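Okay, so here's the structure we're looking at.
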Amino acid sequence: MRDGGGPAFPDARVLLDRHGLRAKKHFSQNFLTSERVFRAIVDATVRADDDWIVEVGAGLGTLTARLAERVPEGKVIALERDPDMVAVLQAELGHLDNVQIEPGDALKYDLLAVARWRGDPITVCGNLPYHIAAPILFRACAARASVSRGVFMVQKEMADRIVAGPGTKTYGAMGVMLQSYAACRTVVSAPAGAFTPAPKVDSAVVRLDFTAPPALDIPDEEHHRSVVHAAFGQRRKTLRNALRAIYAEDAVAAALVATGIDGGRRGETLSLVEFAALARAIPSAAQTGIVVEEL
């Protein structure tokens, strides 16, 4: 029995047996079974009973069902690529009025259209396979005018990079870019034993609050991204030399003087505020005519 007195949600192993299925490696399927982690995800995701939530990779619907129970006046849009999992979702949850099952690729799904449909910002969540985790995170970030929050299960190594601070080994371009537009924190750890089948690595859930971004002045987001990637492009080099690999030497020197940042430092020591100031001080590629390659 659950805390609310209703019947327990089916376990992933029960659902797999019921539908004669097994986890598929080519879909990177590892199904969460830990009630502790489920509860933490739902608590981090849901704010009101009329929330609209887009769930990436709904799988067997074990998280979907828990989310749907918590948003009786809202909607859970369950995205799933695997046709077998779509069939499970339809069989198990198709009767719920506040669950909409959407077969297809989450990387092509229009989050902005859902927010327009609702008329208010939405939330995105999901247990993300490693190979699509970064693109999904940045798609949510790019849609932040219409996405208020993202709650994602990712590999622990990636979670550490997302929330890392300056001067740490895991601080890098990913953390700087996401933290520049959202308040990022770890919600809960999920060891390999919390899944069936157990993956080879541990995972963690992170929450990105796009309604609580840091107070940074970033007038040109694309240029800001390019400066951040340049600073981390060659970690063993000083900031001055890393930037000079992309930008004109005199422009880099002038920007360092203008911001008061020591060019002998390395990119991993700069704060979010310093990165924003540096990006404002260095002329963008559009201004200089330089083509900045993706790093």
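Chain lettering (A, B, ...) mirrors the order of the structure tokens, residue numbering begins at 1 for each chain separately, and ligand numbering begins at 1 in order of display.
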
Practice problem: Give me every alpha helix (DSSP H) residue in stretch 40-283 of chain A, going by DSSP on the backbone, as a VMD selection string. | Solution: chain A and resid 40 to 45 62 to 70 83 to 93 111 to 118 130 to 142 156 to 163 173 to 179 221 to 233 239 to 244 249 to 259 272 to 281

For the residues in the current selection, export C-alpha atoms as a compact mmCIF listing (two decimals), in the first residue's frame.
```txt
# COMPACT_ATOMS: atom_id res chain seq x y z
CA ALA A 40 12.27 12.44 -4.69
CA ILE A 41 11.73 12.90 -8.44
CA VAL A 42 8.00 13.54 -8.08
CA ASP A 43 8.52 15.94 -5.17
CA ALA A 44 11.14 17.87 -7.18
CA THR A 45 8.99 17.96 -10.32
CA THR A 62 6.23 3.75 -13.56
CA LEU A 63 7.16 7.42 -13.13
CA THR A 64 4.33 8.55 -15.40
CA ALA A 65 1.72 6.99 -13.11
CA ARG A 66 3.17 8.65 -10.03
CA LEU A 67 3.31 12.05 -11.73
CA ALA A 68 -0.25 11.70 -13.02
CA GLU A 69 -1.53 10.99 -9.53
CA ARG A 70 0.06 14.20 -8.28
CA PRO A 83 6.99 0.80 -29.80
CA ASP A 84 6.88 -1.98 -27.18
CA MET A 85 7.00 0.57 -24.36
CA VAL A 86 4.33 2.65 -26.09
CA ALA A 87 2.09 -0.43 -26.08
CA VAL A 88 2.71 -0.88 -22.34
CA LEU A 89 1.91 2.76 -21.67
CA GLN A 90 -1.33 2.52 -23.61
CA ALA A 91 -2.35 -0.69 -21.86
CA GLU A 92 -1.46 0.49 -18.36
CA LEU A 93 -2.20 4.22 -18.46
CA LEU A 111 8.25 21.99 -26.06
CA LEU A 112 7.27 25.53 -27.03
CA ALA A 113 4.11 24.25 -28.73
CA VAL A 114 3.06 22.44 -25.54
CA ALA A 115 3.54 25.60 -23.49
CA ARG A 116 1.47 27.55 -26.01
CA TRP A 117 -1.22 24.87 -25.81
CA ARG A 118 -1.29 25.14 -22.03
CA TYR A 130 23.43 8.96 -21.69
CA HIS A 131 23.63 9.56 -25.44
CA ILE A 132 20.75 12.05 -25.47
CA ALA A 133 21.16 13.57 -22.01
CA ALA A 134 23.15 16.65 -23.01
CA PRO A 135 20.96 17.50 -26.04
CA ILE A 136 17.79 17.19 -23.94
CA LEU A 137 19.23 19.38 -21.19
CA PHE A 138 20.18 22.09 -23.65
CA ARG A 139 16.85 21.83 -25.50
CA ALA A 140 15.09 22.49 -22.20
CA CYS A 141 17.45 25.37 -21.51
CA ALA A 142 16.85 26.87 -24.94
CA LYS A 156 26.31 10.68 -11.73
CA GLU A 157 29.39 11.90 -13.60
CA MET A 158 27.21 14.21 -15.68
CA ALA A 159 25.21 15.34 -12.64
CA ASP A 160 28.47 16.32 -10.92
CA ARG A 161 29.46 18.37 -13.98
CA ILE A 162 26.10 20.15 -14.09
CA VAL A 163 26.28 21.40 -10.49
CA ALA A 173 31.58 24.25 -20.13
CA MET A 174 28.42 22.21 -19.51
CA GLY A 175 28.07 23.40 -15.92
CA VAL A 176 28.82 27.02 -16.79
CA MET A 177 26.30 27.09 -19.64
CA LEU A 178 23.47 25.50 -17.67
CA GLN A 179 24.18 27.42 -14.47
CA GLU A 221 24.03 34.05 -25.80
CA GLU A 222 25.77 32.46 -28.78
CA HIS A 223 28.90 34.55 -28.25
CA HIS A 224 28.84 33.79 -24.53
CA ARG A 225 28.71 30.08 -25.34
CA SER A 226 31.66 30.43 -27.72
CA VAL A 227 33.80 32.23 -25.13
CA VAL A 228 33.02 29.61 -22.48
CA HIS A 229 33.90 26.74 -24.83
CA ALA A 230 37.10 28.52 -25.87
CA ALA A 231 38.15 28.97 -22.24
CA PHE A 232 37.74 25.25 -21.58
CA GLY A 233 38.96 24.11 -24.98
CA LEU A 239 43.03 31.56 -20.05
CA ARG A 240 44.94 34.06 -22.19
CA ASN A 241 46.40 31.37 -24.46
CA ALA A 242 43.16 29.37 -24.66
CA LEU A 243 41.24 32.44 -25.80
CA ARG A 244 43.98 33.49 -28.26
CA GLU A 249 45.42 38.55 -29.42
CA ASP A 250 44.82 42.28 -28.99
CA ALA A 251 41.09 41.69 -28.35
CA VAL A 252 41.86 39.12 -25.68
CA ALA A 253 44.43 41.38 -24.01
CA ALA A 254 42.03 44.33 -23.98
CA ALA A 255 39.21 42.18 -22.56
CA LEU A 256 41.38 40.87 -19.75
CA VAL A 257 42.42 44.42 -18.81
CA ALA A 258 38.83 45.68 -19.00
CA THR A 259 37.51 42.91 -16.75
CA LEU A 272 29.78 32.66 -13.83
CA VAL A 273 29.99 36.43 -13.36
CA GLU A 274 33.55 36.53 -14.71
CA PHE A 275 32.61 34.47 -17.76
CA ALA A 276 29.72 36.80 -18.52
CA ALA A 277 31.93 39.87 -18.13
CA LEU A 278 34.62 38.33 -20.35
CA ALA A 279 32.10 37.52 -23.08
CA ARG A 280 30.83 41.10 -23.02
CA ALA A 281 34.38 42.44 -23.30
```

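Take atom CA of A:Ala190 and atom CA of A:Asp209: the distance between them is 20.5 Å.
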
Exercise. Determine, counting only C-alpha atoms, which protein, DNA and RNA residues have an atom within 7 Å of an atom of A:Gly74; residues of the same chain fewer than 4 positions away are not included. Present the result as a ChimeraX atom specification.
Key: /A:49-52,98

Quiz prompt | atom CA of A:Gln100 to atom CA of A:Leu60, straight-line distance in Å | solution =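 Spanning atom CA of A:Leu60 to atom CA of A:Gln100 is a straight-line distance of 14.0 Å.
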
Tell me, which residues of stretch 16-199 of chain A carry DSSP strand (DSSP E or B), written as a PDB file with N, CA and C atoms, in the first residue's frame?
```
ATOM      1  N   PHE A  31      15.311   0.363 -15.883  1.00  0.00           N
ATOM      2  CA  PHE A  31      14.066   0.838 -15.287  1.00  0.00           C
ATOM      3  C   PHE A  31      14.212   1.049 -13.781  1.00  0.00           C
ATOM      4  N   LEU A  32      13.829   2.216 -13.325  1.00  0.00           N
ATOM      5  CA  LEU A  32      13.927   2.570 -11.912  1.00  0.00           C
ATOM      6  C   LEU A  32      12.960   1.725 -11.079  1.00  0.00           C
ATOM      7  N   TRP A  52       1.580  20.944 -15.936  1.00  0.00           N
ATOM      8  CA  TRP A  52       1.730  20.174 -17.168  1.00  0.00           C
ATOM      9  C   TRP A  52       3.179  19.717 -17.222  1.00  0.00           C
ATOM     10  N   ILE A  53       3.379  18.421 -17.392  1.00  0.00           N
ATOM     11  CA  ILE A  53       4.714  17.833 -17.357  1.00  0.00           C
ATOM     12  C   ILE A  53       4.953  17.026 -18.628  1.00  0.00           C
ATOM     13  N   VAL A  54       6.072  17.300 -19.288  1.00  0.00           N
ATOM     14  CA  VAL A  54       6.506  16.485 -20.408  1.00  0.00           C
ATOM     15  C   VAL A  54       7.563  15.523 -19.880  1.00  0.00           C
ATOM     16  N   GLU A  55       7.260  14.232 -19.961  1.00  0.00           N
ATOM     17  CA  GLU A  55       8.198  13.218 -19.474  1.00  0.00           C
ATOM     18  C   GLU A  55       8.938  12.606 -20.659  1.00  0.00           C
ATOM     19  N   VAL A  56      10.250  12.714 -20.637  1.00  0.00           N
ATOM     20  CA  VAL A  56      11.093  12.186 -21.708  1.00  0.00           C
ATOM     21  C   VAL A  56      11.439  10.730 -21.402  1.00  0.00           C
ATOM     22  N   LYS A  75      -1.625  17.701 -16.587  1.00  0.00           N
ATOM     23  CA  LYS A  75      -1.426  16.740 -17.672  1.00  0.00           C
ATOM     24  C   LYS A  75       0.011  16.243 -17.650  1.00  0.00           C
ATOM     25  N   VAL A  76       0.175  14.953 -17.940  1.00  0.00           N
ATOM     26  CA  VAL A  76       1.493  14.367 -18.153  1.00  0.00           C
ATOM     27  C   VAL A  76       1.546  13.888 -19.596  1.00  0.00           C
ATOM     28  N   ILE A  77       2.482  14.435 -20.355  1.00  0.00           N
ATOM     29  CA  ILE A  77       2.683  14.019 -21.746  1.00  0.00           C
ATOM     30  C   ILE A  77       3.870  13.072 -21.755  1.00  0.00           C
ATOM     31  N   ALA A  78       3.602  11.792 -22.021  1.00  0.00           N
ATOM     32  CA  ALA A  78       4.611  10.746 -21.936  1.00  0.00           C
ATOM     33  C   ALA A  78       5.222  10.500 -23.309  1.00  0.00           C
ATOM     34  N   LEU A  79       6.484  10.882 -23.486  1.00  0.00           N
ATOM     35  CA  LEU A  79       7.194  10.682 -24.750  1.00  0.00           C
ATOM     36  C   LEU A  79       7.954   9.351 -24.705  1.00  0.00           C
ATOM     37  N   GLU A  80       7.831   8.570 -25.757  1.00  0.00           N
ATOM     38  CA  GLU A  80       8.511   7.272 -25.787  1.00  0.00           C
ATOM     39  C   GLU A  80       8.768   6.839 -27.226  1.00  0.00           C
ATOM     40  N   VAL A  99      -3.230  11.763 -18.806  1.00  0.00           N
ATOM     41  CA  VAL A  99      -2.011  11.227 -19.415  1.00  0.00           C
ATOM     42  C   VAL A  99      -2.195  11.191 -20.924  1.00  0.00           C
ATOM     43  N   GLN A 100      -1.238  11.788 -21.631  1.00  0.00           N
ATOM     44  CA  GLN A 100      -1.247  11.749 -23.090  1.00  0.00           C
ATOM     45  C   GLN A 100       0.029  11.060 -23.545  1.00  0.00           C
ATOM     46  N   ILE A 101      -0.110   9.964 -24.272  1.00  0.00           N
ATOM     47  CA  ILE A 101       1.025   9.170 -24.713  1.00  0.00           C
ATOM     48  C   ILE A 101       1.422   9.608 -26.120  1.00  0.00           C
ATOM     49  N   GLU A 102       2.689  10.009 -26.272  1.00  0.00           N
ATOM     50  CA  GLU A 102       3.192  10.536 -27.544  1.00  0.00           C
ATOM     51  C   GLU A 102       4.352   9.670 -28.034  1.00  0.00           C
ATOM     52  N   PRO A 103       4.111   8.788 -29.014  1.00  0.00           N
ATOM     53  CA  PRO A 103       5.224   8.034 -29.593  1.00  0.00           C
ATOM     54  C   PRO A 103       6.122   8.973 -30.394  1.00  0.00           C
ATOM     55  N   ILE A 122       5.714  25.034 -18.749  1.00  0.00           N
ATOM     56  CA  ILE A 122       5.589  23.626 -18.417  1.00  0.00           C
ATOM     57  C   ILE A 122       6.833  23.148 -17.689  1.00  0.00           C
ATOM     58  N   THR A 123       6.807  21.892 -17.244  1.00  0.00           N
ATOM     59  CA  THR A 123       7.960  21.247 -16.625  1.00  0.00           C
ATOM     60  C   THR A 123       8.369  20.065 -17.498  1.00  0.00           C
ATOM     61  N   VAL A 124       9.664  19.812 -17.572  1.00  0.00           N
ATOM     62  CA  VAL A 124      10.176  18.665 -18.311  1.00  0.00           C
ATOM     63  C   VAL A 124      10.934  17.770 -17.342  1.00  0.00           C
ATOM     64  N   CYS A 125      10.732  16.464 -17.450  1.00  0.00           N
ATOM     65  CA  CYS A 125      11.474  15.546 -16.586  1.00  0.00           C
ATOM     66  C   CYS A 125      11.750  14.258 -17.338  1.00  0.00           C
ATOM     67  N   GLY A 126      12.546  13.393 -16.747  1.00  0.00           N
ATOM     68  CA  GLY A 126      12.781  12.106 -17.365  1.00  0.00           C
ATOM     69  C   GLY A 126      14.068  11.444 -16.928  1.00  0.00           C
ATOM     70  N   ASN A 127      14.113  10.140 -17.137  1.00  0.00           N
ATOM     71  CA  ASN A 127      15.309   9.335 -16.928  1.00  0.00           C
ATOM     72  C   ASN A 127      16.016   9.271 -18.276  1.00  0.00           C
ATOM     73  N   VAL A 147       9.650  26.770 -20.393  1.00  0.00           N
ATOM     74  CA  VAL A 147       9.900  25.650 -19.485  1.00  0.00           C
ATOM     75  C   VAL A 147      10.389  26.211 -18.163  1.00  0.00           C
ATOM     76  N   SER A 148       9.609  26.036 -17.130  1.00  0.00           N
ATOM     77  CA  SER A 148       9.975  26.629 -15.849  1.00  0.00           C
ATOM     78  C   SER A 148      10.984  25.788 -15.075  1.00  0.00           C
ATOM     79  N   ARG A 149      10.948  24.472 -15.309  1.00  0.00           N
ATOM     80  CA  ARG A 149      11.804  23.585 -14.521  1.00  0.00           C
ATOM     81  C   ARG A 149      12.108  22.319 -15.294  1.00  0.00           C
ATOM     82  N   GLY A 150      13.313  21.775 -15.073  1.00  0.00           N
ATOM     83  CA  GLY A 150      13.674  20.479 -15.624  1.00  0.00           C
ATOM     84  C   GLY A 150      14.204  19.596 -14.510  1.00  0.00           C
ATOM     85  N   VAL A 151      13.717  18.365 -14.450  1.00  0.00           N
ATOM     86  CA  VAL A 151      14.172  17.402 -13.442  1.00  0.00           C
ATOM     87  C   VAL A 151      14.590  16.137 -14.187  1.00  0.00           C
ATOM     88  N   PHE A 152      15.880  15.803 -14.131  1.00  0.00           N
ATOM     89  CA  PHE A 152      16.402  14.753 -15.002  1.00  0.00           C
ATOM     90  C   PHE A 152      17.288  13.770 -14.253  1.00  0.00           C
ATOM     91  N   MET A 153      17.094  12.498 -14.551  1.00  0.00           N
ATOM     92  CA  MET A 153      18.003  11.455 -14.096  1.00  0.00           C
ATOM     93  C   MET A 153      19.102  11.321 -15.148  1.00  0.00           C
ATOM     94  N   VAL A 154      20.341  11.488 -14.703  1.00  0.00           N
ATOM     95  CA  VAL A 154      21.492  11.355 -15.599  1.00  0.00           C
ATOM     96  C   VAL A 154      22.566  10.555 -14.880  1.00  0.00           C
ATOM     97  N   GLN A 155      23.600  10.151 -15.609  1.00  0.00           N
ATOM     98  CA  GLN A 155      24.716   9.487 -14.960  1.00  0.00           C
ATOM     99  C   GLN A 155      25.334  10.424 -13.926  1.00  0.00           C
ATOM    100  N   ALA A 183      19.091  27.820 -11.882  1.00  0.00           N
ATOM    101  CA  ALA A 183      19.617  27.378 -10.597  1.00  0.00           C
ATOM    102  C   ALA A 183      19.656  25.851 -10.649  1.00  0.00           C
ATOM    103  N   CYS A 184      20.851  25.265 -10.503  1.00  0.00           N
ATOM    104  CA  CYS A 184      21.026  23.821 -10.672  1.00  0.00           C
ATOM    105  C   CYS A 184      21.411  23.178  -9.340  1.00  0.00           C
ATOM    106  N   ARG A 185      20.759  22.075  -9.025  1.00  0.00           N
ATOM    107  CA  ARG A 185      21.121  21.350  -7.804  1.00  0.00           C
ATOM    108  C   ARG A 185      20.849  19.861  -7.973  1.00  0.00           C
ATOM    109  N   THR A 186      21.546  19.065  -7.179  1.00  0.00           N
ATOM    110  CA  THR A 186      21.310  17.624  -7.157  1.00  0.00           C
ATOM    111  C   THR A 186      20.139  17.332  -6.228  1.00  0.00           C
ATOM    112  N   VAL A 187      19.213  16.515  -6.698  1.00  0.00           N
ATOM    113  CA  VAL A 187      18.025  16.169  -5.921  1.00  0.00           C
ATOM    114  C   VAL A 187      18.253  14.917  -5.097  1.00  0.00           C
ATOM    115  N   VAL A 188      18.741  13.852  -5.741  1.00  0.00           N
ATOM    116  CA  VAL A 188      18.907  12.571  -5.050  1.00  0.00           C
ATOM    117  C   VAL A 188      19.870  11.706  -5.849  1.00  0.00           C
ATOM    118  N   SER A 189      20.601  10.874  -5.152  1.00  0.00           N
ATOM    119  CA  SER A 189      21.469   9.911  -5.826  1.00  0.00           C
ATOM    120  C   SER A 189      20.679   8.645  -6.128  1.00  0.00           C
ATOM    121  N   ALA A 190      21.114   7.939  -7.162  1.00  0.00           N
ATOM    122  CA  ALA A 190      20.442   6.701  -7.554  1.00  0.00           C
ATOM    123  C   ALA A 190      21.516   5.673  -7.915  1.00  0.00           C
ATOM    124  N   PHE A 195      17.953   0.247 -10.116  1.00  0.00           N
ATOM    125  CA  PHE A 195      17.397  -0.017 -11.443  1.00  0.00           C
ATOM    126  C   PHE A 195      17.373  -1.511 -11.736  1.00  0.00           C
ATOM    127  N   THR A 196      16.516  -1.870 -12.681  1.00  0.00           N
ATOM    128  CA  THR A 196      16.539  -3.198 -13.261  1.00  0.00           C
ATOM    129  C   THR A 196      16.510  -3.073 -14.784  1.00  0.00           C
TER     130      THR A 196
END
```

Exercise. Considering only C-alpha atoms, state which residue in the set A:Arg13, A:Arg22, A:Arg266, A:Arg47 is at the smallest distance from A:Gly167.
Key: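 Smallest distance to A:Gly167 is found for A:Arg266.
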
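Here atom CA of A:Val206 stands at a distance of 17.6 Å from atom CA of A:Ala143.
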